[in-house]
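As stored in work.cif (mmCIF, C-alpha atoms):
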data_query
#
loop_
_atom_site.label_atom_id
_atom_site.label_comp_id
_atom_site.auth_asym_id
_atom_site.auth_seq_id
_atom_site.Cartn_x
_atom_site.Cartn_y
_atom_site.Cartn_z
CA MET A 1 -175.83 37.79 100.33
CA ALA A 2 -177.59 34.61 101.46
CA GLN A 3 -176.01 31.33 100.59
CA GLU A 4 -178.11 28.91 98.60
CA GLY A 5 -179.02 25.77 100.57
CA SER A 6 -177.80 22.31 99.66
CA LYS A 7 -179.98 20.54 97.14
CA GLY A 8 -182.06 17.86 98.77
CA MET A 9 -181.34 19.15 102.30
CA SER A 10 -184.47 19.48 104.37
CA PRO A 11 -184.60 21.88 107.31
CA VAL A 12 -184.75 18.91 109.69
CA MET A 13 -181.64 17.37 108.11
CA GLY A 14 -179.90 20.74 108.38
CA LEU A 15 -180.74 20.95 112.09
CA GLY A 16 -179.50 17.40 112.57
CA ILE A 17 -176.16 18.32 111.03
CA VAL A 18 -175.89 21.42 113.21
CA LEU A 19 -176.61 19.28 116.28
CA ALA A 20 -173.95 16.77 115.25
CA VAL A 21 -171.45 19.63 114.81
CA VAL A 22 -172.29 20.94 118.28
CA VAL A 23 -171.70 17.48 119.78
CA VAL A 24 -168.39 17.00 117.93
CA VAL A 25 -167.10 20.47 118.79
CA GLY A 26 -168.17 20.01 122.42
CA ALA A 27 -166.42 16.65 122.60
CA TYR A 28 -163.22 18.09 121.12
CA VAL A 29 -163.22 21.10 123.45
CA GLY A 30 -163.94 18.81 126.41
CA LEU A 31 -161.07 16.51 125.41
CA ASN A 32 -158.66 19.45 125.24
CA MET A 33 -159.86 20.76 128.61
CA ALA A 34 -159.44 17.33 130.19
CA LEU A 35 -155.93 17.00 128.75
CA GLY A 36 -154.99 20.56 129.68
CA ILE A 37 -154.34 21.56 126.06
CA ALA A 38 -154.65 25.34 125.91
CA GLU A 39 -154.04 25.72 122.18
CA GLY A 40 -156.96 23.62 120.95
CA TRP A 41 -157.54 26.23 118.25
CA ALA A 42 -154.60 24.67 116.39
CA GLY A 43 -156.60 21.43 116.09
CA PHE A 44 -159.56 23.34 114.68
CA LEU A 45 -157.22 25.07 112.23
CA PHE A 46 -155.89 21.65 111.23
CA LEU A 47 -159.48 20.48 110.67
CA LEU A 48 -160.22 23.57 108.58
CA CYS A 49 -157.18 22.93 106.37
CA TRP A 50 -157.82 19.20 106.03
CA SER A 51 -161.53 19.63 105.29
CA MET A 52 -161.38 22.70 103.06
CA ILE A 53 -158.01 22.45 101.32
CA GLU A 54 -157.66 18.67 101.18
CA LYS A 55 -161.45 18.08 100.94
CA GLY A 56 -161.37 15.80 104.01
CA SER A 57 -159.74 13.05 101.99
CA LEU A 58 -158.09 10.38 104.11
CA ASP A 59 -155.52 10.05 101.31
CA ARG A 60 -154.59 13.72 101.87
CA PHE A 61 -154.60 13.60 105.68
CA ALA A 62 -150.80 13.37 105.81
CA HIS A 63 -150.46 16.44 103.58
CA ALA A 64 -152.52 18.47 106.02
CA LEU A 65 -150.74 17.09 109.09
CA VAL A 66 -147.17 17.42 107.82
CA GLY A 67 -147.95 20.85 106.38
CA ALA A 68 -149.41 21.97 109.73
CA LEU A 69 -146.35 20.75 111.63
CA ILE A 70 -143.88 22.38 109.24
CA GLY A 71 -145.85 25.65 109.19
CA ALA A 72 -146.14 25.74 112.99
CA GLY A 73 -142.49 24.77 113.36
CA THR A 74 -141.38 27.52 111.03
CA ALA A 75 -143.57 30.05 112.86
CA ALA A 76 -141.99 28.90 116.13
CA LEU A 77 -138.59 29.90 114.73
CA MET A 78 -139.77 33.51 114.86
CA LYS A 79 -140.04 33.15 118.65
CA VAL A 80 -137.27 30.71 119.58
CA GLY A 81 -134.72 31.71 116.92
CA PRO A 82 -133.95 35.11 118.47
CA GLU A 83 -133.90 33.54 121.96
CA MET A 84 -131.25 31.03 120.84
CA MET A 85 -129.26 33.06 118.30
CA GLY A 86 -129.91 36.68 119.19
CA PRO A 87 -132.32 39.02 117.42
CA THR A 88 -130.42 39.30 114.14
CA GLY A 89 -129.33 35.67 113.81
CA GLY A 90 -132.74 34.36 114.81
CA MET A 91 -134.60 36.54 112.31
CA VAL A 92 -132.13 35.70 109.53
CA LEU A 93 -132.72 32.00 110.21
CA PHE A 94 -136.50 32.46 110.29
CA LEU A 95 -136.61 34.52 107.09
CA GLY A 96 -134.22 32.10 105.35
CA VAL A 97 -136.48 29.14 106.15
CA VAL A 98 -139.55 31.09 104.98
CA LEU A 99 -137.83 31.89 101.68
CA LEU A 100 -136.90 28.21 101.24
CA LEU A 101 -140.52 27.21 101.85
CA ILE A 102 -141.76 29.75 99.31
CA TYR A 103 -139.21 28.53 96.78
CA ALA A 104 -140.25 24.91 97.40
CA ILE A 105 -143.91 25.81 96.79
CA VAL A 106 -143.03 27.72 93.62
CA MET A 107 -140.99 24.76 92.37
CA GLY A 108 -143.58 22.18 93.45
CA TRP A 109 -141.08 20.37 95.69
CA PHE A 110 -142.02 18.27 98.74
CA ALA A 111 -145.76 18.82 98.37
CA LEU A 112 -146.37 16.42 101.27
CA GLY A 113 -144.97 18.96 103.70
CA VAL A 114 -144.75 22.28 101.89
CA ASN A 115 -148.24 23.19 100.81
CA THR A 116 -151.12 25.56 101.46
CA THR A 117 -151.61 24.19 104.98
CA THR A 118 -147.97 24.99 105.72
CA MET A 119 -148.54 28.60 104.75
CA VAL A 120 -151.80 28.85 106.72
CA PHE A 121 -150.07 27.66 109.91
CA LEU A 122 -147.05 29.87 109.22
CA THR A 123 -149.31 32.89 108.74
CA VAL A 124 -151.44 32.26 111.83
CA GLY A 125 -148.40 31.34 113.94
CA THR A 126 -146.74 34.67 113.15
CA ILE A 127 -149.70 36.82 114.14
CA PRO A 128 -148.14 38.92 116.91
CA TYR A 129 -150.75 37.91 119.50
CA VAL A 130 -150.21 34.21 118.77
CA GLU A 131 -146.43 34.48 118.43
CA LYS A 132 -146.10 36.27 121.78
CA GLY A 133 -148.83 34.50 123.75
CA ALA A 134 -148.74 30.86 122.67
CA GLU A 135 -146.00 28.39 123.41
CA PRO A 136 -144.88 26.36 120.38
CA ALA A 137 -145.22 23.10 122.34
CA GLY A 138 -148.84 23.98 123.10
CA ILE A 139 -149.53 24.62 119.42
CA PHE A 140 -148.03 21.24 118.50
CA LEU A 141 -150.21 19.58 121.16
CA GLY A 142 -153.26 21.32 119.71
CA ILE A 143 -152.39 20.08 116.22
CA ALA A 144 -151.85 16.56 117.58
CA SER A 145 -155.15 16.52 119.47
CA GLY A 146 -157.01 17.76 116.39
CA ALA A 147 -155.29 15.28 114.09
CA VAL A 148 -156.05 12.34 116.38
CA PHE A 149 -159.62 13.37 117.19
CA PHE A 150 -160.76 14.47 113.75
CA GLY A 151 -158.68 11.81 111.98
CA ALA A 152 -160.41 9.13 114.07
CA LEU A 153 -163.79 10.60 113.15
CA GLY A 154 -162.75 10.57 109.48
CA LEU A 155 -161.76 6.89 109.71
CA ILE A 156 -165.01 6.00 111.45
CA GLY A 157 -166.99 7.92 108.82
CA ALA A 158 -165.12 6.13 106.02
CA GLN A 159 -165.90 2.74 107.56
CA ILE A 160 -169.57 3.61 107.92
CA GLY A 161 -169.62 4.77 104.28
CA LYS A 162 -168.03 1.50 103.11
CA ARG A 163 -170.58 -0.56 105.05
CA ARG A 164 -173.47 1.44 103.64
CA GLN A 165 -172.07 1.05 100.13
CA ALA A 166 -171.67 -2.71 100.62
CA LYS A 167 -175.25 -3.02 101.89
CA ALA A 168 -176.58 -0.96 99.01
CA THR A 169 -174.64 -3.05 96.49
CA SER A 170 -175.76 -6.35 97.98
CA ALA A 171 -179.39 -5.20 98.23
CA GLU A 172 -179.68 -4.44 94.52
CA PRO A 173 -181.95 -6.92 92.70
CA VAL A 174 -180.28 -9.26 90.27
CA SER A 175 -181.80 -9.18 86.79
CA ILE A 176 -181.84 -12.29 84.64
#

When written as structure tokens, how does the structure in this file appear?
Amino acid sequence: MAQEGSKGMSPVMGLGIVLAVVVVVGAYVGLNMALGIAEGWAGFLFLLCWSMIEKGSLDRFAHALVGALIGAGTAALMKVGPEMMGPTGGMVLFLGVVLLLIYAIVMGWFALGVNTTTMVFLTVGTIPYVEKGAEPAGIFLGIASGAVFFGALGLIGAQIGKRRQAKATSAEPVSI
């Protein structure tokens, strides 16, 4: 089923947005390549959670970031727990932490860090291919690169929006 276009969006504006996305994605991928960050996907996943779950709100940036770190950290327990504590002890620890996170969500506790983003990162981090192939430190670097890069773009966008709003407000004619 085709998705209905945005109201007031011309085809030229749509192409402009697609071009801007290509430039931003290219810049982010290039940054990760230059820094040697192999798990740049984690930064894109952070962006997805921040933009879709938290609506890109700067006020909700910390919720997305802390949730991503807790979710990725919990997923990492599935890999490092058994290495440190043996298969049984490591899995008991991992499953115990997961149950605590679920209980915290059910109870509405610590929403800054235990939220939908937490569960997205926990779910993706426990996909067997990711769990076996990605190093937890690399995932944390990917989250950090995404948070810094996309967070900076969000701050720049907010400043541009404030300036445009100020200009629009000051340009309004004064009626007597």

task = Please write as number ranges by chain the full residue list that the PyMOL selection byres ((chain A and resi 146) around 12) yields on this file.
result = A: 24-25, 27-29, 31-32, 37, 39-50, 61, 64-65, 68, 139-145, 147-154

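The space separating CA of Val80 in chain A from CA of Glu135 in chain A comes to 9.8 Å.
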
key: Radius query 12 Å about (-156.4, 20.2, 101.5), atoms used: only C-alpha atoms, as a ChimeraX atom specification   = /A:45-68,111-120

Written as a compact mmCIF listing (two decimals) with C-alpha atoms, in the frame of the given file, what is the full residue list that the PyMOL selection byres ((chain A and resi 84-100) around 12) yields on the file shown?
# COMPACT_ATOMS: atom_id res chain seq x y z
CA ILE A 70 -143.88 22.38 109.24
CA GLY A 71 -145.85 25.65 109.19
CA ALA A 72 -146.14 25.74 112.99
CA GLY A 73 -142.49 24.77 113.36
CA THR A 74 -141.38 27.52 111.03
CA ALA A 75 -143.57 30.05 112.86
CA ALA A 76 -141.99 28.90 116.13
CA LEU A 77 -138.59 29.90 114.73
CA MET A 78 -139.77 33.51 114.86
CA LYS A 79 -140.04 33.15 118.65
CA VAL A 80 -137.27 30.71 119.58
CA GLY A 81 -134.72 31.71 116.92
CA PRO A 82 -133.95 35.11 118.47
CA GLU A 83 -133.90 33.54 121.96
CA LEU A 101 -140.52 27.21 101.85
CA ILE A 102 -141.76 29.75 99.31
CA TYR A 103 -139.21 28.53 96.78
CA ALA A 104 -140.25 24.91 97.40
CA ILE A 105 -143.91 25.81 96.79
CA VAL A 106 -143.03 27.72 93.62
CA MET A 107 -140.99 24.76 92.37
CA GLY A 108 -143.58 22.18 93.45
CA TRP A 109 -141.08 20.37 95.69
CA PHE A 110 -142.02 18.27 98.74
CA VAL A 114 -144.75 22.28 101.89
CA THR A 118 -147.97 24.99 105.72
CA MET A 119 -148.54 28.60 104.75
CA LEU A 122 -147.05 29.87 109.22
CA THR A 123 -149.31 32.89 108.74
CA THR A 126 -146.74 34.67 113.15

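When CA of Val124 in chain A is paired with CA of Ala137 in chain A, their separation reads 15.3 Å.
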
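CA of Ala166 in chain A is found 26.8 Å from CA of Val12 in chain A.
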